[in-house]
Each structure stands twice: as structure tokens, then as C-alpha cells.
file protein.cif (mmCIF, C-alpha atoms and all ligand atoms)
data_run
loop_
_atom_site.label_atom_id
_atom_site.label_comp_id
_atom_site.auth_asym_id
_atom_site.auth_seq_id
_atom_site.Cartn_x
_atom_site.Cartn_y
_atom_site.Cartn_z
CA MET A 1 -15.57 11.05 -13.02
CA SER A 2 -13.83 14.20 -11.92
CA SER A 3 -10.49 13.94 -13.71
CA ALA A 4 -8.93 11.99 -16.54
CA THR A 5 -10.50 8.84 -17.89
CA ALA A 6 -9.88 5.84 -15.68
CA SER A 7 -7.84 2.93 -16.99
CA HIS A 8 -8.08 -0.67 -15.93
CA ALA A 9 -5.05 -1.67 -13.91
CA SER A 10 -2.79 -4.67 -14.26
CA PRO A 11 -1.57 -5.92 -10.89
CA VAL A 12 2.16 -6.40 -10.92
CA TYR A 13 3.07 -8.60 -7.98
CA THR A 14 1.70 -9.87 -4.71
CA ASP A 15 4.52 -9.63 -2.16
CA ASP A 16 8.20 -10.07 -1.37
CA HIS A 17 9.42 -7.13 -3.44
CA HIS A 18 11.68 -4.52 -1.98
CA ALA A 19 14.33 -2.10 -3.11
CA GLY A 20 16.64 -2.15 -0.18
CA ASP A 21 19.90 -3.34 -1.69
CA HIS A 22 20.57 -0.65 -4.23
CA HIS A 23 23.16 1.34 -2.35
CA ALA A 24 26.04 -1.09 -1.85
CA GLY A 25 29.32 0.31 -3.10
CA GLY A 26 28.23 3.90 -3.54
CA PRO A 27 27.13 6.85 -1.50
CA ALA A 28 24.04 6.06 0.53
CA PRO A 29 21.02 7.61 -1.18
CA ASN A 30 18.57 9.65 0.78
CA ARG A 31 14.93 8.76 1.14
CA ARG A 32 13.88 10.70 -1.95
CA ASP A 33 16.44 8.81 -4.06
CA LEU A 34 15.07 5.50 -2.85
CA VAL A 35 11.50 6.43 -3.62
CA LYS A 36 12.59 7.32 -7.17
CA LEU A 37 14.33 3.95 -7.45
CA ILE A 38 11.17 2.20 -6.40
CA ALA A 39 9.07 4.08 -8.91
CA THR A 40 11.51 3.11 -11.68
CA ALA A 41 11.69 -0.51 -10.56
CA GLY A 42 7.93 -0.65 -10.25
CA ALA A 43 7.45 0.55 -13.81
CA ALA A 44 9.83 -2.15 -15.06
CA ILE A 45 8.03 -4.80 -13.06
CA GLY A 46 4.73 -3.64 -14.53
CA ILE A 47 5.97 -4.10 -18.09
CA GLY A 48 7.23 -7.59 -17.32
CA ALA A 49 4.30 -8.86 -15.34
CA ILE A 50 1.17 -7.93 -17.23
CA ALA A 51 0.10 -11.56 -17.52
CA TRP A 52 -0.82 -11.78 -13.86
CA PRO A 53 -3.24 -14.71 -13.61
CA PHE A 54 -6.61 -13.57 -12.46
CA ILE A 55 -7.16 -9.99 -13.47
CA ASP A 56 -8.35 -9.42 -16.99
CA SER A 57 -7.37 -5.85 -17.58
CA MET A 58 -5.40 -3.41 -19.66
CA ASN A 59 -2.11 -1.92 -18.59
CA PRO A 60 -2.33 1.87 -18.43
CA SER A 61 0.12 3.64 -20.69
CA ALA A 62 3.12 5.48 -19.29
CA ASP A 63 1.46 8.75 -20.22
CA VAL A 64 -1.65 7.81 -18.28
CA ILE A 65 0.39 6.87 -15.22
CA ALA A 66 2.43 10.05 -15.40
CA ALA A 67 -0.72 12.10 -15.63
CA GLY A 68 -2.07 10.42 -12.53
CA ALA A 69 -5.21 9.26 -14.29
CA PRO A 70 -7.43 7.11 -12.05
CA ILE A 71 -7.19 3.36 -12.42
CA ASP A 72 -9.97 0.84 -11.88
CA ILE A 73 -9.59 -2.50 -10.13
CA ASP A 74 -12.05 -5.39 -10.25
CA LEU A 75 -12.37 -6.37 -6.60
CA SER A 76 -14.29 -9.55 -7.41
CA LYS A 77 -10.99 -11.06 -8.58
CA ILE A 78 -9.22 -10.57 -5.25
CA GLY A 79 -9.90 -13.44 -2.86
CA GLU A 80 -9.98 -13.09 0.91
CA GLY A 81 -6.46 -12.78 2.24
CA GLN A 82 -4.98 -11.82 -1.14
CA GLN A 83 -3.11 -8.68 -2.07
CA ILE A 84 -2.61 -7.20 -5.50
CA VAL A 85 -0.18 -4.43 -6.41
CA VAL A 86 -0.82 -1.92 -9.18
CA LEU A 87 1.04 1.16 -10.27
CA TRP A 88 -0.44 4.59 -9.96
CA ARG A 89 1.72 7.61 -10.73
CA GLY A 90 4.63 5.19 -10.92
CA ALA A 91 4.25 4.10 -7.30
CA PRO A 92 3.03 0.73 -6.01
CA MET A 93 -0.51 0.71 -4.67
CA LEU A 94 -1.40 -2.21 -2.41
CA VAL A 95 -4.96 -3.53 -2.42
CA VAL A 96 -5.81 -6.21 0.13
CA HIS A 97 -9.01 -8.16 0.68
CA ARG A 98 -8.75 -8.68 4.43
CA THR A 99 -10.15 -11.73 6.15
CA PRO A 100 -12.56 -11.53 9.12
CA GLN A 101 -9.72 -12.81 11.30
CA ALA A 102 -7.42 -10.04 10.09
CA LEU A 103 -10.07 -7.46 10.99
CA LYS A 104 -10.33 -8.95 14.48
CA THR A 105 -6.58 -8.75 14.90
CA LEU A 106 -6.58 -5.06 13.99
CA GLN A 107 -8.83 -4.43 16.99
CA ALA A 108 -7.04 -6.71 19.44
CA PRO A 109 -5.41 -4.94 22.41
CA ALA A 110 -2.32 -7.10 21.89
CA MET A 111 -1.90 -5.49 18.47
CA ILE A 112 -2.95 -1.96 19.33
CA GLN A 113 -0.50 -1.67 22.21
CA GLN A 114 2.39 -2.33 19.82
CA LEU A 115 1.49 0.50 17.43
CA ALA A 116 2.97 3.99 17.32
CA ASP A 117 -0.14 5.71 15.91
CA PRO A 118 -3.05 3.27 16.22
CA ASN A 119 -5.69 5.98 15.75
CA SER A 120 -4.10 7.53 12.66
CA VAL A 121 -3.61 10.90 14.31
CA VAL A 122 -0.75 11.79 11.95
CA HIS A 123 -2.18 12.87 8.60
CA GLN A 124 -1.18 9.95 6.41
CA GLN A 125 -4.66 9.22 5.06
CA PRO A 126 -7.88 10.92 3.92
CA ALA A 127 -10.59 11.58 6.50
CA PHE A 128 -12.60 8.58 5.31
CA ALA A 129 -9.72 6.32 6.40
CA GLU A 130 -9.22 7.81 9.86
CA ASN A 131 -10.64 4.77 11.59
CA TRP A 132 -9.38 1.51 13.06
CA HIS A 133 -9.24 -0.17 9.65
CA ARG A 134 -7.79 2.88 7.80
CA SER A 135 -10.09 2.37 4.83
CA ALA A 136 -13.47 3.18 3.35
CA LYS A 137 -14.66 -0.41 3.78
CA PRO A 138 -13.22 -2.64 6.51
CA GLU A 139 -12.63 -5.62 4.25
CA PHE A 140 -10.59 -3.68 1.65
CA LEU A 141 -7.29 -2.00 2.42
CA VAL A 142 -5.66 0.41 -0.03
CA LEU A 143 -2.16 1.72 0.69
CA VAL A 144 0.86 3.27 -0.95
CA GLY A 145 3.47 0.50 -0.66
CA ILE A 146 6.44 2.67 0.24
CA CYS A 147 8.04 2.32 3.67
CA THR A 148 8.03 5.63 5.52
CA HIS A 149 11.60 5.06 6.66
CA LEU A 150 13.74 5.09 3.51
CA GLY A 151 11.31 4.03 0.85
CA CYS A 152 11.64 0.25 0.48
CA LEU A 153 8.66 -1.86 -0.45
CA PRO A 154 7.38 -3.69 2.64
CA ASN A 155 6.59 -7.38 2.23
CA TYR A 156 3.00 -8.53 2.63
CA MET A 157 3.12 -11.18 5.37
CA PRO A 158 -0.47 -11.67 6.50
CA THR A 159 -0.05 -14.99 8.30
CA PRO A 160 0.63 -14.97 12.06
CA ASP A 161 3.81 -16.77 13.03
CA PRO A 162 5.52 -17.25 16.40
CA VAL A 163 8.99 -16.70 14.98
CA SER A 164 9.16 -15.09 11.53
CA PRO A 165 9.63 -12.38 10.37
CA ALA A 166 9.64 -11.28 14.02
CA PRO A 167 8.74 -12.97 17.31
CA ASN A 168 4.99 -13.26 17.91
CA TRP A 169 4.20 -11.95 14.43
CA MET A 170 0.47 -11.14 14.19
CA GLY A 171 0.35 -10.59 10.42
CA GLY A 172 1.07 -7.40 8.52
CA TYR A 173 3.88 -5.83 6.51
CA PHE A 174 7.55 -6.34 7.21
CA CYS A 175 10.17 -4.12 5.63
CA PRO A 176 13.30 -6.21 5.17
CA CYS A 177 15.57 -3.20 4.66
CA HIS A 178 15.80 -2.16 8.30
CA GLY A 179 13.11 -4.22 10.01
CA SER A 180 10.16 -1.84 10.19
CA LYS A 181 6.83 -3.46 10.91
CA TYR A 182 3.27 -2.46 10.06
CA ASP A 183 -0.03 -4.15 10.78
CA LEU A 184 -2.63 -5.09 8.17
CA ALA A 185 -3.94 -1.53 8.18
CA GLY A 186 -0.49 -0.10 7.44
CA ARG A 187 -0.12 1.15 11.02
CA VAL A 188 3.52 1.32 12.03
CA TYR A 189 4.84 -0.40 15.13
CA LYS A 190 6.59 1.42 17.96
CA SER A 191 10.40 1.27 18.17
CA VAL A 192 11.06 0.62 14.49
CA PRO A 193 12.92 2.90 12.04
CA ALA A 194 9.81 3.92 10.09
CA PRO A 195 8.23 7.00 11.68
CA TYR A 196 4.74 7.01 10.17
CA ASN A 197 1.89 4.79 9.08
CA LEU A 198 1.86 3.81 5.41
CA PRO A 199 0.08 6.43 3.29
CA VAL A 200 -3.42 5.90 1.93
CA PRO A 201 -4.01 7.17 -1.63
CA PRO A 202 -7.19 8.87 -2.81
CA TYR A 203 -9.72 6.27 -3.92
CA ARG A 204 -13.41 5.49 -4.05
CA PHE A 205 -15.75 2.63 -4.82
CA VAL A 206 -17.46 3.10 -8.16
CA ASP A 207 -19.77 0.19 -7.39
CA ASP A 208 -19.71 -2.92 -5.20
CA LYS A 209 -16.93 -4.57 -7.17
CA THR A 210 -14.98 -1.68 -8.68
CA LEU A 211 -12.33 0.29 -6.84
CA ARG A 212 -10.99 3.44 -8.45
CA ILE A 213 -7.59 4.64 -7.24
CA GLY A 214 -6.82 8.30 -7.83
CA GLU A 215 -10.30 9.68 -7.33
CA ASN A 216 -12.00 10.68 -4.06
CA PRO A 217 -15.59 10.07 -2.98
CA PRO A 218 -17.90 12.99 -3.86
CA GLY A 219 -17.29 16.07 -1.73
CA ILE A 220 -13.80 15.10 -0.58
CA ALA A 221 -10.66 16.93 -1.68
CA TYR A 222 -7.55 14.92 -0.86
CA THR A 223 -4.26 14.26 -2.57
CA LEU A 224 -0.98 12.64 -1.53
CA ASN A 225 0.42 16.17 -1.30
CA ASP A 226 -1.70 16.55 1.83
CA ILE A 227 0.07 13.85 3.85
CA VAL A 228 2.97 14.31 6.25
CA GLN A 229 5.33 11.92 4.44
CA MET A 230 5.18 9.79 1.34
S1 LIG B 1 13.17 1.44 4.39
FE1 LIG B 1 14.14 1.19 6.30
S2 LIG B 1 12.77 -0.11 7.37
FE2 LIG B 1 11.77 0.22 5.50
#

call {"tool": "encode", "arguments": {"input": "protein.cif", "output": "C-alpha cells", "more": "lines below"}}
Ligand code: FES
result
Amino acid sequence: MSSATASHASPVYTDDHHAGDHHAGGPAPNRRDLVKLIATAGAAIGIGAIAWPFIDSMNPSADVIAAGAPIDIDLSKIGEGQQIVVLWRGAPMLVVHRTPQALKTLQAPAMIQQLADPNSVVHQQPAFAENWHRSAKPEFLVLVGICTHLGCLPNYMPTPDPVSPAPNWMGGYFCPCHGSKYDLAGRVYKSVPAPYNLPVPPYRFVDDKTLRIGENPPGIAYTLNDIVQM
């Protein structure tokens, strides 16, 4: 391991969390304010939700999170189609075990033509995720769960639906704050408020069932400071 000792992560929630309603009655915060709010809310959620049902793990201490120490996730506990959310550096990290159907949808022309940056040209990910699935392994997606518009937490809505949350929904992330849409690789749609794809954090696979967030594969130097926008 190249940095601090990895901790095992406790997933904190699976979907439907956002921070979009914090500014009623006061001056509208800017994007940086909202990202701070999310980090604070995420830490509180983590304290209250450590008994998440199917991960047997230890919650990293606040000091460990603040230091950015890597965290390990047991991928064998994440079923196909499921998402878990863990905190790293106080921010929500989304880990999804994508289904074969979801991977097909990512490559479908009907999806690609709706995307603003389908080939991940804008630097929002490490080089190993500059591909159609934006990940090191197609079946596993790892993202920073912060909308690139004003910092809300997009909802995980993997099931296609003709009506909701938007017409002809093909599955992905929907940000309820201002309606931004992303696919199941975190690629942002055209003509929505969010300008960029969701960021990808540094991570690597320690073995077939262990994902380590916060540490790159050997020979790669990448941090979230390298991306265009958190
Ligand atoms: S924060 Fe505005 S659409 Fe997500």
C-alpha cells in the first residue's frame, strides 16, 4: 500500500439522498458551499447508518477520513444492480455492481446520442477510466456522488421507465435539485444544468473481491485535484 493504512468502509445509504433544499429563506449558497453541506450531511449519515445490512465492516474514524486514508470495500457483498455509498474524505463515493443489461445500455446509440461527453474527453476521471464504462472493470462503477452543477447528491435510478424521472428514462442518476441526468457510467446528458460527467476517484482492485478507494493501480499518479471540477 502506498499511503496510510486502509480501513474497511461502512456503506451509508443506497439512493434517494440529496442536499438540494438547504437554501430556502437565506442567500443562495454557491457550489462550494453546497459541496461542504453534503460532506457534513454525509458524515452525519455515516454515524447513523453503520448497521447497513450486508456489509460486515468497520467505520473509519473521522481522523482517518480527514487524512484521506484508503478504504476497502468487499465487492462480494454487492449484488448485481445494487449500489452502496461510502464516505471517503467526507464525500460520498458510489460503488455500483452493474448488470449485463446496464452495460449494454451504456453502449446503445440511443443512450450515447443523449450524452454531452460520451467519450470522457473532459478530465473528470483517471486514465484507466477513460473508456465507455468509465471504470477499471466494466461491471463495477466507482464515482464521486456529487452533482457537477451545484453539488447535490444524484439519486441512483437504475431501472428504465417510460415516464419517471424523465420521459424514456434508460436508467442512471437523476439529480432532483435542478433535473440533471447522468447515465450508469456517470456521463452527463446534454441540455441539463450539470456541465460535466461525475468525477471518478482514485481506486484499485486489491484482489478479485476487494476494492480500495483512495489508492491508484501501480504506476498511476492521480488525485481528485487533477480533475476539471469536483
Ligand atoms: S445540483 Fe443542480 S442539477 Fe444537480

call {"tool": "atom_distance", "arguments": {"input": "protein.cif", "atom1": "CA of Gln113 in chain A", "atom2": "CA of Pro195 in chain A"}}
result
16.2 Å

call {"tool": "residues_near_ligand", "arguments": {"input": "protein.cif", "ligand": "ligand LIG 1 (chain B)", "cutoff": "9 Å", "atoms": "all atoms listed in the file", "output": "count of residues only"}}
result
25

call {"tool": "closest_atom_pairs", "arguments": {"input": "protein.cif", "of": "range 147-226 of chain A", "to": "range 127-139 of chain A", "cutoff": "8 Å", "atoms": "all atoms listed in the file", "output": "JSON lines"}}
result
{"residue": "A:Ala185", "atom": "CA", "partner": "A:His133", "partner_atom": "CA", "distance": 5.7}
{"residue": "A:Gly186", "atom": "CA", "partner": "A:Arg134", "partner_atom": "CA", "distance": 7.9}
{"residue": "A:Val200", "atom": "CA", "partner": "A:Ala129", "partner_atom": "CA", "distance": 7.7}
{"residue": "A:Arg204", "atom": "CA", "partner": "A:Ala136", "partner_atom": "CA", "distance": 7.8}

call {"tool": "atom_distance", "arguments": {"input": "protein.cif", "atom1": "CA of Val121 in chain A", "atom2": "CA of Arg89 in chain A"}}
result
25.8 Å

call {"tool": "build_atoms", "arguments": {"input": "protein.cif", "residues": "range 156-187 of chain A", "atoms": "N, CA and C atoms", "output": "CSV table (one decimal), in the coordinates of the input"}}
result
chain,number,residue,atom,x,y,z
A,156,TYR,N,4.3,-8.2,2.1
A,156,TYR,CA,3.0,-8.5,2.6
A,156,TYR,C,3.1,-9.9,3.3
A,157,MET,N,3.0,-9.9,4.6
A,157,MET,CA,3.1,-11.2,5.4
A,157,MET,C,1.9,-11.3,6.3
A,158,PRO,N,0.8,-11.7,5.7
A,158,PRO,CA,-0.5,-11.7,6.5
A,158,PRO,C,-0.7,-12.8,7.5
A,159,THR,N,0.2,-13.8,7.5
A,159,THR,CA,0.0,-15.0,8.3
A,159,THR,C,0.7,-14.9,9.6
A,160,PRO,N,0.0,-15.0,10.8
A,160,PRO,CA,0.6,-15.0,12.1
A,160,PRO,C,1.7,-16.1,12.2
A,161,ASP,N,2.7,-15.8,12.9
A,161,ASP,CA,3.8,-16.8,13.0
A,161,ASP,C,4.5,-16.5,14.3
A,162,PRO,N,4.9,-17.5,15.1
A,162,PRO,CA,5.5,-17.2,16.4
A,162,PRO,C,7.0,-16.8,16.3
A,163,VAL,N,7.6,-17.0,15.1
A,163,VAL,CA,9.0,-16.7,15.0
A,163,VAL,C,9.3,-15.7,13.9
A,164,SER,N,8.7,-15.8,12.7
A,164,SER,CA,9.2,-15.1,11.5
A,164,SER,C,8.0,-14.2,10.9
A,165,PRO,N,8.3,-13.0,10.5
A,165,PRO,CA,9.6,-12.4,10.4
A,165,PRO,C,10.1,-11.7,11.7
A,166,ALA,N,9.3,-11.8,12.7
A,166,ALA,CA,9.6,-11.3,14.0
A,166,ALA,C,8.9,-12.1,15.1
A,167,PRO,N,9.4,-12.2,16.3
A,167,PRO,CA,8.7,-13.0,17.3
A,167,PRO,C,7.3,-12.5,17.5
A,168,ASN,N,6.4,-13.5,17.7
A,168,ASN,CA,5.0,-13.3,17.9
A,168,ASN,C,4.3,-12.4,16.8
A,169,TRP,N,4.7,-12.7,15.6
A,169,TRP,CA,4.2,-12.0,14.4
A,169,TRP,C,2.7,-12.2,14.3
A,170,MET,N,1.9,-11.0,14.2
A,170,MET,CA,0.5,-11.1,14.2
A,170,MET,C,-0.1,-10.9,12.8
A,171,GLY,N,0.8,-10.8,11.8
A,171,GLY,CA,0.4,-10.6,10.4
A,171,GLY,C,0.4,-9.1,10.1
A,172,GLY,N,1.0,-8.8,8.9
A,172,GLY,CA,1.1,-7.4,8.5
A,172,GLY,C,2.1,-7.2,7.4
A,173,TYR,N,2.8,-6.1,7.5
A,173,TYR,CA,3.9,-5.8,6.5
A,173,TYR,C,5.2,-5.8,7.2
A,174,PHE,N,6.2,-6.4,6.6
A,174,PHE,CA,7.6,-6.3,7.2
A,174,PHE,C,8.5,-5.8,6.2
A,175,CYS,N,9.2,-4.7,6.6
A,175,CYS,CA,10.2,-4.1,5.6
A,175,CYS,C,11.5,-4.7,5.9
A,176,PRO,N,12.1,-5.5,4.9
A,176,PRO,CA,13.3,-6.2,5.2
A,176,PRO,C,14.5,-5.3,5.2
A,177,CYS,N,14.4,-4.1,4.8
A,177,CYS,CA,15.6,-3.2,4.7
A,177,CYS,C,16.2,-2.9,6.0
A,178,HIS,N,15.3,-2.5,7.0
A,178,HIS,CA,15.8,-2.2,8.3
A,178,HIS,C,14.8,-2.7,9.4
A,179,GLY,N,13.9,-3.5,9.0
A,179,GLY,CA,13.1,-4.2,10.0
A,179,GLY,C,11.9,-3.5,10.5
A,180,SER,N,11.4,-2.5,9.8
A,180,SER,CA,10.2,-1.8,10.2
A,180,SER,C,9.0,-2.8,10.0
A,181,LYS,N,8.0,-2.6,10.9
A,181,LYS,CA,6.8,-3.5,10.9
A,181,LYS,C,5.6,-2.6,10.9
A,182,TYR,N,4.6,-3.1,10.1
A,182,TYR,CA,3.3,-2.5,10.1
A,182,TYR,C,2.2,-3.5,10.2
A,183,ASP,N,1.0,-3.2,10.7
A,183,ASP,CA,0.0,-4.2,10.8
A,183,ASP,C,-0.8,-4.2,9.4
A,184,LEU,N,-1.9,-4.9,9.4
A,184,LEU,CA,-2.6,-5.1,8.2
A,184,LEU,C,-3.6,-3.9,7.9
A,185,ALA,N,-3.3,-2.8,8.6
A,185,ALA,CA,-3.9,-1.5,8.2
A,185,ALA,C,-2.8,-0.5,7.8
A,186,GLY,N,-1.6,-1.0,7.7
A,186,GLY,CA,-0.5,-0.1,7.4
A,186,GLY,C,-0.1,0.8,8.6
A,187,ARG,N,-0.5,0.4,9.8
A,187,ARG,CA,-0.1,1.2,11.0
A,187,ARG,C,1.3,0.7,11.5
